[in-house]
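Student: Data: data06.txt, compact mmCIF, C-alpha atoms.
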```
# COMPACT_ATOMS: atom_id res chain seq x y z
CA MET A 14 49.33 -47.63 -87.87
CA THR A 15 48.96 -45.28 -84.91
CA THR A 16 52.00 -43.72 -83.31
CA VAL A 17 52.18 -42.01 -79.94
CA SER A 18 54.69 -39.29 -79.30
CA GLN A 19 56.58 -39.21 -76.00
CA ASP A 20 54.96 -35.90 -74.99
CA ALA A 21 51.40 -37.18 -75.39
CA GLY A 22 50.84 -37.22 -71.61
CA PRO A 23 49.19 -39.95 -69.54
CA SER A 24 47.63 -42.82 -71.34
CA THR A 25 43.88 -42.82 -71.64
CA ALA A 26 43.72 -46.44 -72.66
CA PRO A 27 41.08 -48.42 -70.73
CA GLY A 28 43.76 -50.54 -69.02
CA ALA A 29 45.60 -47.46 -67.71
CA ARG A 30 42.38 -45.91 -66.41
CA MET A 31 41.51 -49.13 -64.62
CA ALA A 32 44.98 -49.30 -63.02
CA ARG A 33 44.65 -45.70 -61.78
CA THR A 34 41.17 -46.44 -60.39
CA VAL A 35 42.44 -49.53 -58.56
CA LEU A 36 45.39 -47.53 -57.22
CA TRP A 37 43.15 -44.70 -55.92
CA ARG A 38 40.73 -47.16 -54.35
CA GLY A 39 43.64 -48.92 -52.66
CA LEU A 40 44.97 -45.64 -51.33
CA LEU A 41 41.51 -44.73 -50.03
CA VAL A 42 41.18 -48.08 -48.22
CA LEU A 43 44.67 -47.59 -46.74
CA ALA A 44 43.81 -44.05 -45.58
CA ILE A 45 40.62 -45.29 -43.92
CA ALA A 46 42.51 -48.12 -42.20
CA VAL A 47 45.20 -45.76 -40.92
CA ALA A 48 42.56 -43.30 -39.68
CA GLY A 49 40.89 -46.17 -37.83
CA CYS A 50 44.16 -46.89 -36.03
CA ALA A 51 44.74 -43.28 -35.03
CA PRO A 52 44.02 -42.50 -31.39
CA THR A 53 40.54 -41.18 -30.91
CA SER A 54 39.68 -38.57 -28.37
CA ASP A 55 36.79 -39.40 -26.08
CA VAL A 56 34.64 -36.56 -24.86
CA TYR A 57 33.48 -36.85 -21.25
CA ARG A 58 31.57 -33.59 -21.04
CA ASP A 59 28.38 -32.24 -22.59
CA ARG A 60 29.86 -29.38 -24.60
CA ASP A 61 26.53 -27.52 -24.52
CA ALA A 62 26.75 -27.30 -20.72
CA ARG A 63 28.24 -24.17 -19.21
CA ILE A 64 31.72 -24.41 -17.76
CA SER A 65 33.02 -22.03 -15.15
CA ALA A 66 36.26 -21.45 -13.30
CA THR A 67 36.19 -21.03 -9.54
CA SER A 68 36.47 -17.63 -7.89
CA ARG A 69 38.69 -19.28 -5.23
CA PHE A 70 41.60 -19.68 -7.62
CA VAL A 71 44.76 -17.88 -6.54
CA PRO A 72 47.81 -18.64 -8.72
CA ASP A 73 50.35 -18.75 -5.86
CA ALA A 74 48.06 -21.03 -3.79
CA PHE A 75 47.89 -23.43 -6.73
CA SER A 76 51.66 -23.90 -6.83
CA GLY A 77 53.16 -27.01 -5.33
CA ARG A 78 52.58 -30.73 -5.49
CA TRP A 79 49.23 -32.23 -6.49
CA HIS A 80 48.31 -35.92 -6.69
CA VAL A 81 45.87 -37.04 -9.38
CA VAL A 82 43.34 -39.10 -7.41
CA ALA A 83 40.77 -39.43 -10.21
CA GLY A 84 40.50 -38.47 -13.86
CA TYR A 85 39.45 -39.30 -17.38
CA PRO A 86 41.75 -41.31 -19.65
CA ASN A 87 43.00 -39.29 -22.61
CA ALA A 88 45.69 -39.44 -25.26
CA ALA A 89 47.28 -36.06 -24.51
CA LEU A 90 48.01 -36.69 -20.82
CA PRO A 91 47.22 -40.34 -20.00
CA LEU A 92 46.39 -41.44 -16.47
CA CYS A 93 49.02 -43.52 -14.74
CA ASP A 94 49.69 -44.94 -11.27
CA HIS A 95 51.01 -42.42 -8.79
CA GLN A 96 50.56 -39.46 -11.14
CA VAL A 97 51.84 -36.25 -9.58
CA TRP A 98 51.65 -32.68 -10.87
CA ASP A 99 54.33 -30.27 -9.66
CA ILE A 100 53.34 -26.70 -10.44
CA SER A 101 55.86 -23.87 -10.08
CA GLU A 102 54.85 -20.24 -10.06
CA ASP A 103 57.93 -18.36 -11.23
CA PRO A 104 58.39 -19.27 -14.00
CA ALA A 105 55.00 -20.93 -14.36
CA THR A 106 55.63 -24.58 -15.22
CA LEU A 107 53.91 -27.94 -14.96
CA GLN A 108 55.80 -31.18 -14.53
CA VAL A 109 53.82 -34.43 -14.52
CA THR A 110 55.41 -37.63 -13.24
CA CYS A 111 54.21 -41.22 -13.06
CA GLY A 112 55.06 -44.22 -10.92
CA THR A 113 57.02 -44.54 -7.74
CA ASP A 114 60.19 -43.80 -9.74
CA ARG A 115 58.69 -40.36 -10.68
CA ARG A 116 59.14 -40.85 -14.46
CA VAL A 117 58.57 -37.47 -16.16
CA VAL A 118 55.78 -37.67 -18.75
CA LEU A 119 55.29 -33.94 -19.29
CA SER A 120 57.34 -30.86 -18.51
CA ALA A 121 56.08 -27.60 -19.97
CA GLY A 122 55.50 -23.94 -19.36
CA LEU A 123 52.11 -22.65 -18.25
CA LYS A 124 50.19 -19.51 -19.09
CA VAL A 125 48.11 -18.84 -16.01
CA ASP A 126 45.07 -16.59 -16.19
CA PRO A 127 44.02 -15.08 -12.83
CA ARG A 128 40.49 -16.39 -13.49
CA GLY A 129 41.71 -19.96 -13.05
CA VAL A 130 42.39 -20.95 -16.66
CA MET A 131 45.79 -22.44 -17.49
CA ARG A 132 47.25 -23.21 -20.90
CA VAL A 133 49.97 -25.84 -21.11
CA GLN A 134 52.66 -24.65 -23.52
CA THR A 135 53.01 -27.71 -25.76
CA ALA A 136 52.13 -28.16 -29.42
CA ASP A 137 49.40 -30.66 -28.48
CA LEU A 138 47.81 -28.86 -25.53
CA ASP A 139 48.16 -25.12 -26.22
CA ARG A 140 44.64 -24.71 -27.60
CA ASP A 141 41.53 -23.04 -26.20
CA ARG A 142 39.58 -26.28 -25.99
CA TYR A 143 42.39 -27.92 -23.98
CA ALA A 144 42.94 -25.05 -21.54
CA PHE A 145 42.82 -26.38 -17.98
CA TRP A 146 39.97 -24.70 -16.09
CA VAL A 147 40.16 -24.82 -12.29
CA LEU A 148 36.50 -25.64 -11.77
CA TRP A 149 36.74 -25.71 -8.00
CA MET A 150 39.17 -25.52 -5.08
CA ASP A 151 38.19 -26.18 -1.49
CA GLU A 152 38.61 -23.36 1.03
CA GLU A 153 41.81 -24.86 2.43
CA ARG A 154 43.21 -25.22 -1.11
CA ARG A 155 43.89 -28.92 -0.49
CA MET A 156 41.80 -30.21 -3.38
CA ALA A 157 41.05 -28.98 -6.89
CA VAL A 158 38.89 -30.08 -9.80
CA ILE A 159 40.24 -29.40 -13.30
CA GLY A 160 38.32 -29.61 -16.57
CA THR A 161 38.58 -28.54 -20.19
CA ARG A 162 36.06 -26.74 -22.36
CA GLY A 163 36.36 -29.49 -24.98
CA GLY A 164 35.60 -32.16 -22.37
CA GLU A 165 38.36 -34.56 -23.42
CA MET A 166 40.17 -34.17 -20.11
CA GLY A 167 39.38 -33.73 -16.43
CA TRP A 168 41.05 -34.49 -13.10
CA VAL A 169 40.54 -34.44 -9.36
CA LEU A 170 43.74 -33.22 -7.70
CA ASN A 171 44.57 -33.54 -4.01
CA ARG A 172 47.56 -32.39 -1.99
CA GLY A 173 47.86 -35.91 -0.54
CA ALA A 174 48.00 -39.22 -2.39
CA THR A 175 44.60 -40.31 -1.02
CA ILE A 176 41.31 -38.51 -0.72
CA ARG A 177 38.40 -38.88 1.69
CA ALA A 178 35.15 -40.22 0.23
CA ASP A 179 33.20 -37.03 1.02
CA ARG A 180 35.77 -34.88 -0.81
CA LEU A 181 35.69 -37.18 -3.85
CA ALA A 182 31.87 -37.00 -3.81
CA ALA A 183 32.08 -33.17 -3.75
CA ALA A 184 34.51 -33.24 -6.69
CA GLN A 185 32.12 -35.48 -8.65
CA GLU A 186 29.28 -33.01 -8.01
CA ILE A 187 31.42 -30.19 -9.42
CA LEU A 188 32.26 -32.26 -12.51
CA GLU A 189 28.56 -33.09 -13.03
CA PHE A 190 27.61 -29.42 -12.60
CA ASN A 191 30.04 -28.60 -15.43
CA GLY A 192 28.56 -31.25 -17.72
CA TYR A 193 30.91 -34.18 -17.08
CA ASP A 194 29.76 -37.81 -17.09
CA THR A 195 31.15 -39.03 -13.77
CA THR A 196 30.28 -42.67 -14.50
CA ARG A 197 33.40 -42.66 -16.73
CA LEU A 198 35.69 -41.11 -14.09
CA GLU A 199 38.59 -43.40 -13.10
CA GLY A 200 40.56 -43.43 -9.87
CA GLN A 201 40.13 -43.82 -6.14
CA GLY A 202 36.79 -45.18 -5.07
CA LYS A 203 35.60 -45.64 -8.67
```
Can the structure from this file be put into structure tokens for me?
Tutor:
Amino acid sequence: MTTVSQDAGPSTAPGARMARTVLWRGLLVLAIAVAGCAPTSDVYRDRDARISATSRFVPDAFSGRWHVVAGYPNAALPLCDHQVWDISEDPATLQVTCGTDRRVVLSAGLKVDPRGVMRVQTADLDRDRYAFWVLWMDEERRMAVIGTRGGEMGWVLNRGATIRADRLAAAQEILEFNGYDTTRLEGQGK
């Protein structure tokens, strides 16, 4: 007769091994299923393409209200109807609202680099690849094109809620120059 002491450790009987194997396989299938449900991050930009910030960027000229007239859908800062960015200079903050009721979807501090690179001070967005690069501003500082090095985000901002077709075409050229696929751009005239 074989006896097993209580301190013998885990059973190595074939039935116990099979139960552990089934359990681990089940956990693996569950992990894969959960990962499949997690939001994925699309990339809209060829990351091998150069990206550059505009020399026209002046932090105080960038302050104020901007309307998102076109952009790329993303999980971190989703597009919505009537999206408005209010940028304050002192202290540097970004507040993003949606809808005609101006529902706040983001309110955060900004680190603004004089070269035209801004970092949003949130746990999700305060990373180099998500830094907002001001790719271009028109001479009158009425329109701006924003992109990210990682290519998951990009926007066309305008001081007014609508944009002329020639200005939108110029913004698309800037995005293309910086490696963006403008066929996936959403917004006015798209």
Student: For Ala144 of chain A, which residue out of A:Arg172, A:Arg69, A:Arg132, A:Arg197 is the nearest one, using only C-alpha atoms?
Tutor: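 Going through A:Arg172, A:Arg69, A:Arg132, A:Arg197 one by one, the smallest distance to Ala144 of chain A is for A:Arg132.
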Student: When you draw a straight line from atom CA of Glu152 of chain A to atom CA of Tyr57 of chain A, how long is it in Å?
Tutor: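 Atom-to-atom, atom CA of Glu152 of chain A to atom CA of Tyr57 of chain A, that is 26.5 Å.
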Student: Which of these residues is nearest to Glu165 of chain A, using only C-alpha atoms: A:Tyr143, A:Gly112, A:Ser68, A:Val117?
Tutor: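 Using only C-alpha atoms, the shortest distance to Glu165 of chain A belongs to A:Tyr143.
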Student: Point out the residue among A:Asp194, A:Asp126, A:Ser120, A:Arg162 with the least atom-to-atom distance to Asp141 of chain A, counting all atoms listed in the file.
Tutor: A:Arg162
Student: Give me the residues within 6 Å of Gly129 of chain A as an NGL selection string, counting only C-alpha atoms and dropping any in the same chain fewer than 2 places off.
Tutor: :A and (66 or 70 or 126-127 or 146-147)
Student: With all atoms listed in the file as the atoms that count, which of A:Ile100, A:Ala121, A:Ala88, A:Ala83 lies nearest to Thr196 of chain A?
Tutor: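 Nearest candidate to Thr196 of chain A out of A:Ile100, A:Ala121, A:Ala88, A:Ala83: A:Ala83.
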Student: For Arg60 of chain A, which residue out of A:Gly84, A:Gly192, A:Gly160, A:Gly200 is the nearest one, using all atoms listed in the file?
Tutor: A:Gly192
Student: What separation in Å, quoted to one decimal, exists between atom CA of Thr161 of chain A and atom CA of Glu186 of chain A?
Tutor: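 It comes out at 16.0 Å.
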Student: Between atom CA of Leu148 of chain A and atom CA of Pro72 of chain A, measure the distance and give it in Å to one decimal.
Tutor: 13.6 Å
Student: Which polymer residues have any atom within 12 Å of an atom of Val71 of chain A, counting only C-alpha atoms, with same-chain residues fewer than 4 positions away left out, as a ChimeraX atom specification?
Tutor: /A:66-67,75-76,102,125-131,147,149-154,157
Student: Mind listing as a list in words all residues within 6 Å of (39.5, -35.3, -24.9), counting only C-alpha atoms?
Tutor: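 Here is the list of nearby residues: Ser54, Asp55, Val56, Asn87, Gly164, Glu165 and Met166 of chain A.
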Student: Could you save the residues just selected, with C-alpha atoms, as a PDB file, in the frame of the given file?
Tutor:
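Printed below is part.pdb as written:
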```pdb
ATOM      1  CA  SER A  54      39.680 -38.570 -28.370  1.00  0.00           C
ATOM      2  CA  ASP A  55      36.790 -39.400 -26.080  1.00  0.00           C
ATOM      3  CA  VAL A  56      34.640 -36.560 -24.860  1.00  0.00           C
ATOM      4  CA  ASN A  87      43.000 -39.290 -22.610  1.00  0.00           C
ATOM      5  CA  GLY A 164      35.600 -32.160 -22.370  1.00  0.00           C
ATOM      6  CA  GLU A 165      38.360 -34.560 -23.420  1.00  0.00           C
ATOM      7  CA  MET A 166      40.170 -34.170 -20.110  1.00  0.00           C
TER       8      MET A 166
END
```
Student: Name the residues within 12 Å of (29.9, -32.2, -4.4), counting all atoms listed in the file in the file's coordinates, and put them as an MDAnalysis selection string.
Tutor: chainID A and resid 148:151 157:158 169 178:191 195
Student: For a quick check of understanding, using only C-alpha atoms, which of A:Thr106, A:Glu199, A:Asp73, A:Val133 has the smallest distance to Asp94 of chain A?
Tutor: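 The shortest atom-to-atom distance to Asp94 of chain A comes from A:Glu199.
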